[in-house]
Amino acid sequence: MYGYIVDVVNLLLRWLHVIAAIAWIGESIYFVMLDNSLRKPKAAEDHEKGVSGEMWAVHGGGFYHNQKYTTAPAKLPNDLHWSFWKAYTTWLTGFALFVVLYMASPEFYLVNANSPWAWAAELSGWQANLLALAFLLGGWVVYNELCKRISPNMERDGLLSLAVAVMMVIVAYLSTQLFTGRAAFLLTGAVMATAMSANVFFWIIPGQRRMVKAMKAGEAPNPLDGKRGKQRSVHNTYFTLPVVLLMISNHYSFLYSHELAWVVMALLIFAGAVIRQFFVLMHAGHNKPGYLVAGAALIVLAFWVGAPSASGPASAEAGSPGREQVSAIIEQHCVQCHARDPAHAGFSAPPAGHVFESWDEIKQQREIIQQVVGNHYMPLGNITNMTAEERDIIAAWEE
């Protein structure tokens, strides 16, 4: 029953998380497009009112006229729309999912038993949980300090972008050394997502509130509030594509099982940012397909780096292992989870629907078993202590 309840909570949280993320990212992308698509107003009265740009659009059978003011209109409406709950909901549901799926079973999902650092490989569950939380918090603190120290007045944003890129390479490397590959990709994406939500909470919304308060008091808003909000919003839009990719990476073990997974991750992060740059420029009226080509090249390079070795396991030289040998290994290390009624308390149903209780079922899913066992992804956290020799036997199985 416990596994069933976890699955239900997982499903409902993930559903809400995805919906909130779609709404938030969609709105973010829309406003970046809107900001870059604005044109100087043609009407003289708009200039007099302080309108700096406008855009006409048609959608859903209606016409829309968007206008942006240099600072603010003469009078603010009472029903001013604010954009922040989507961001907060996305982060809160994402963190809740992380708690339910990873922090509830840290020995299973977080502890990297193959870490090159002995202290990381020997972490207890609660220590791994604390390290994961520190990783998220530390990522935000470092990113925020970079923004404050390198470009406090938005005069060196180019240098800041380079510093953030270097930071993400370091984050990718550290995460893959400290945590299991699956958790490493997720936590790196969570570092970026945390920065995005914190940007909204600590900078964008407070700055907008100060601007509104000043206007209502008949004072001129501080232009730095607008500039800082724009800076963090721009960072958020470049984070979007990499974050989405990292959040769905847990479905593709080939991404995070390679020994150079951190390089693969970094290249895909850069690819997402470069591709996003193409669309940002396109909305501003500049068609630069070179960015798409560069993004595609980075993706190809990432998958080339992460490609499996062409050489087979050493045990393959002795011939393909037989049915009894393979069945015994799978019975010992896999069936406690991959059964119609899993013995493992964390599952109410076999993971991904794969059942290995009979030889026919094992044979039908041979390639799946070889893939996930061969790349050391399964068993999760190697909780059953599968040896390298046993992995080689499964990888060499050709029947």
# chains A, B, ... in the order shown; residues from 1 in each chain; ligands from 1
call {"tool": "closest_atom_pairs", "arguments": {"of": "region 253-351 of chain A", "to": "region 161-182 of chain A", "cutoff": "12 Å", "atoms": "only C-alpha atoms", "output": "JSON lines"}}
result
{"residue": "A:Ser253", "atom": "CA", "partner": "A:Arg182", "partner_atom": "CA", "distance": 7.3}
{"residue": "A:Phe254", "atom": "CA", "partner": "A:Gly181", "partner_atom": "CA", "distance": 9.8}
{"residue": "A:Leu255", "atom": "CA", "partner": "A:Gly181", "partner_atom": "CA", "distance": 8.4}
{"residue": "A:Tyr256", "atom": "CA", "partner": "A:Gly181", "partner_atom": "CA", "distance": 4.7}
{"residue": "A:Ser257", "atom": "CA", "partner": "A:Gly181", "partner_atom": "CA", "distance": 6.0}
{"residue": "A:His258", "atom": "CA", "partner": "A:Gly181", "partner_atom": "CA", "distance": 8.5}
{"residue": "A:Glu259", "atom": "CA", "partner": "A:Thr176", "partner_atom": "CA", "distance": 9.0}
{"residue": "A:Leu260", "atom": "CA", "partner": "A:Thr176", "partner_atom": "CA", "distance": 8.9}
{"residue": "A:Ala261", "atom": "CA", "partner": "A:Thr176", "partner_atom": "CA", "distance": 7.1}
{"residue": "A:Trp262", "atom": "CA", "partner": "A:Tyr173", "partner_atom": "CA", "distance": 5.0}
{"residue": "A:Val263", "atom": "CA", "partner": "A:Tyr173", "partner_atom": "CA", "distance": 7.6}
{"residue": "A:Val264", "atom": "CA", "partner": "A:Ala172", "partner_atom": "CA", "distance": 9.2}
{"residue": "A:Met265", "atom": "CA", "partner": "A:Ala172", "partner_atom": "CA", "distance": 6.5}
{"residue": "A:Ala266", "atom": "CA", "partner": "A:Val169", "partner_atom": "CA", "distance": 5.6}
{"residue": "A:Leu267", "atom": "CA", "partner": "A:Val169", "partner_atom": "CA", "distance": 8.9}
{"residue": "A:Leu268", "atom": "CA", "partner": "A:Ala172", "partner_atom": "CA", "distance": 10.8}
{"residue": "A:Ile269", "atom": "CA", "partner": "A:Met168", "partner_atom": "CA", "distance": 8.3}
{"residue": "A:Phe270", "atom": "CA", "partner": "A:Ala165", "partner_atom": "CA", "distance": 7.9}
{"residue": "A:Ala271", "atom": "CA", "partner": "A:Ala165", "partner_atom": "CA", "distance": 11.7}
{"residue": "A:Ala273", "atom": "CA", "partner": "A:Ala165", "partner_atom": "CA", "distance": 9.8}
{"residue": "A:Val274", "atom": "CA", "partner": "A:Ala165", "partner_atom": "CA", "distance": 11.6}
call {"tool": "write_last_selection", "arguments": {"atoms": "C-alpha atoms", "output": "mmCIF file, in the first residue's frame"}}
result
data_model
loop_
_atom_site.group_PDB
_atom_site.id
_atom_site.type_symbol
_atom_site.label_atom_id
_atom_site.label_comp_id
_atom_site.auth_asym_id
_atom_site.auth_seq_id
_atom_site.Cartn_x
_atom_site.Cartn_y
_atom_site.Cartn_z
ATOM 1 C CA SER A 253 19.881 6.392 -18.878
ATOM 2 C CA PHE A 254 22.402 6.684 -21.722
ATOM 3 C CA LEU A 255 22.662 10.401 -20.886
ATOM 4 C CA TYR A 256 23.822 10.036 -17.314
ATOM 5 C CA SER A 257 25.492 6.619 -17.249
ATOM 6 C CA HIS A 258 28.594 7.536 -19.240
ATOM 7 C CA GLU A 259 31.859 8.265 -17.415
ATOM 8 C CA LEU A 260 31.866 11.696 -19.111
ATOM 9 C CA ALA A 261 28.245 12.426 -18.259
ATOM 10 C CA TRP A 262 29.196 15.871 -16.931
ATOM 11 C CA VAL A 263 30.642 16.798 -20.336
ATOM 12 C CA VAL A 264 27.493 15.538 -22.067
ATOM 13 C CA MET A 265 25.391 17.571 -19.631
ATOM 14 C CA ALA A 266 27.409 20.772 -20.090
ATOM 15 C CA LEU A 267 27.274 20.511 -23.885
ATOM 16 C CA LEU A 268 23.493 20.040 -23.828
ATOM 17 C CA ILE A 269 23.085 23.025 -21.469
ATOM 18 C CA PHE A 270 25.048 25.211 -23.875
ATOM 19 C CA ALA A 271 23.110 23.810 -26.831
ATOM 20 C CA ALA A 273 21.047 28.312 -24.467
ATOM 21 C CA VAL A 274 22.402 28.808 -27.991
#
call {"tool": "residues_around", "arguments": {"residues": "Phe239 (chain A)", "least_positions_apart": "6", "cutoff": "8 Å", "atoms": "only C-alpha atoms", "output": "number ranges by chain"}}
result
A: 192-193, 196, 272-273
call {"tool": "write_last_selection", "arguments": {"atoms": "N, CA and C atoms", "output": "PDB file, in the first residue's frame"}}
result
ATOM      1  N   MET A 192      19.449  25.325 -11.660  1.00  0.00           N
ATOM      2  CA  MET A 192      19.026  26.367 -12.597  1.00  0.00           C
ATOM      3  C   MET A 192      17.582  26.795 -12.329  1.00  0.00           C
ATOM      4  N   ALA A 193      16.712  25.812 -12.066  1.00  0.00           N
ATOM      5  CA  ALA A 193      15.310  26.126 -11.801  1.00  0.00           C
ATOM      6  C   ALA A 193      15.154  26.917 -10.513  1.00  0.00           C
ATOM      7  N   MET A 196      16.031  30.408 -11.236  1.00  0.00           N
ATOM      8  CA  MET A 196      14.942  31.056 -11.973  1.00  0.00           C
ATOM      9  C   MET A 196      13.833  31.512 -11.026  1.00  0.00           C
ATOM     10  N   GLY A 272      21.107  24.197 -25.490  1.00  0.00           N
ATOM     11  CA  GLY A 272      19.806  24.792 -25.221  1.00  0.00           C
ATOM     12  C   GLY A 272      19.862  26.307 -25.186  1.00  0.00           C
ATOM     13  N   ALA A 273      20.911  26.857 -24.558  1.00  0.00           N
ATOM     14  CA  ALA A 273      21.047  28.312 -24.467  1.00  0.00           C
ATOM     15  C   ALA A 273      21.281  28.936 -25.833  1.00  0.00           C
TER      16      ALA A 273
END
call {"tool": "closest_residue", "arguments": {"among": "A:Pro379, A:Gly353, A:Gly285, A:Gly139", "to": "Met33 (chain A)", "atoms": "only C-alpha atoms"}}
result
A:Gly285
call {"tool": "closest_residue", "arguments": {"among": "A:Val244, A:Trp359, A:Pro351, A:His65", "to": "Met378 (chain A)", "atoms": "only C-alpha atoms"}}
result
A:Pro351
call {"tool": "atom_distance", "arguments": {"atom1": "CA of His17 (chain A)", "atom2": "CA of Trp91 (chain A)"}}
result
8.0 Å
call {"tool": "select_by_dssp", "arguments": {"residues": "region 334-372 of chain A", "states": "alpha helix (DSSP H)", "output": "list in words"}}
result
Trp359, Asp360, Glu361, Ile362, Lys363, Gln364, Arg366, Glu367, Ile368, Ile369, Gln370, Gln371 and Val372 of chain A
call {"tool": "write_last_selection", "arguments": {"atoms": "C-alpha atoms", "output": "mmCIF file, in the first residue's frame"}}
result
data_model
loop_
_atom_site.group_PDB
_atom_site.id
_atom_site.type_symbol
_atom_site.label_atom_id
_atom_site.label_comp_id
_atom_site.auth_asym_id
_atom_site.auth_seq_id
_atom_site.Cartn_x
_atom_site.Cartn_y
_atom_site.Cartn_z
ATOM 1 C CA TRP A 359 12.456 -16.801 -18.978
ATOM 2 C CA ASP A 360 10.097 -15.756 -21.772
ATOM 3 C CA GLU A 361 9.672 -12.325 -20.179
ATOM 4 C CA ILE A 362 13.419 -12.028 -19.722
ATOM 5 C CA LYS A 363 14.111 -12.952 -23.351
ATOM 6 C CA GLN A 364 11.551 -10.481 -24.684
ATOM 7 C CA ARG A 366 16.893 -8.765 -23.351
ATOM 8 C CA GLU A 367 18.067 -5.521 -24.972
ATOM 9 C CA ILE A 368 16.565 -3.420 -22.186
ATOM 10 C CA ILE A 369 18.234 -5.543 -19.519
ATOM 11 C CA GLN A 370 21.587 -5.445 -21.293
ATOM 12 C CA GLN A 371 21.416 -1.687 -21.694
ATOM 13 C CA VAL A 372 20.521 -0.690 -18.143
#
call {"tool": "closest_atom_pairs", "arguments": {"of": "region 11-120 of chain A", "to": "region 211-226 of chain A", "cutoff": "12 Å", "atoms": "only C-alpha atoms", "output": "Markdown table"}}
result
| residue | atom | partner | partner_atom | distance |
| --- | --- | --- | --- | --- |
| A:Tyr69 | CA | A:Gly226 | CA | 11.6 |
| A:Thr70 | CA | A:Pro223 | CA | 9.8 |
| A:Thr71 | CA | A:Pro221 | CA | 7.4 |
| A:Ala72 | CA | A:Met215 | CA | 7.8 |
| A:Pro73 | CA | A:Met215 | CA | 9.0 |
| A:Ala74 | CA | A:Met215 | CA | 8.5 |
| A:Lys75 | CA | A:Met215 | CA | 8.1 |
| A:Leu76 | CA | A:Lys216 | CA | 7.8 |
| A:Pro77 | CA | A:Lys216 | CA | 10.6 |
| A:Asn78 | CA | A:Lys216 | CA | 10.9 |
| A:Leu80 | CA | A:Val212 | CA | 9.8 |
| A:His81 | CA | A:Val212 | CA | 11.9 |
| A:Trp82 | CA | A:Val212 | CA | 11.4 |
call {"tool": "closest_residue", "arguments": {"among": "A:Met247, A:Ile275, A:Ile393, A:Ser197", "to": "Phe98 (chain A)", "atoms": "only C-alpha atoms"}}
result
A:Met247
call {"tool": "select_by_dssp", "arguments": {"residues": "region 9-72 of chain A", "states": "strand (DSSP E or B)", "output": "list in words"}}
result
Arg39, Val51, Ser52, Gly53, Glu54, Met55, Trp56, Ala57, Val58, His59, Gly62, Phe63, Tyr64, His65, Asn66, Gln67, Lys68 and Tyr69 of chain A
call {"tool": "write_last_selection", "arguments": {"atoms": "C-alpha atoms", "output": "short mmCIF file (atom, residue, chain, number, x, y, z; two decimals), in the first residue's frame"}}
result
data_model
loop_
_atom_site.label_atom_id
_atom_site.label_comp_id
_atom_site.auth_asym_id
_atom_site.auth_seq_id
_atom_site.Cartn_x
_atom_site.Cartn_y
_atom_site.Cartn_z
CA ARG A 39 8.17 48.69 -32.60
CA VAL A 51 4.89 54.61 -24.87
CA SER A 52 8.26 53.26 -26.00
CA GLY A 53 7.03 50.36 -28.12
CA GLU A 54 3.96 48.54 -29.37
CA MET A 55 2.95 45.33 -31.09
CA TRP A 56 -0.23 44.36 -32.90
CA ALA A 57 -1.19 40.69 -32.91
CA VAL A 58 -4.06 38.45 -33.92
CA HIS A 59 -4.99 35.31 -32.01
CA GLY A 62 -9.34 38.66 -32.02
CA PHE A 63 -6.88 41.52 -32.40
CA TYR A 64 -4.55 42.66 -29.62
CA HIS A 65 -2.60 45.88 -29.18
CA ASN A 66 0.27 45.63 -26.68
CA GLN A 67 2.10 48.74 -25.52
CA LYS A 68 5.17 49.17 -23.33
CA TYR A 69 5.88 52.36 -21.40
#
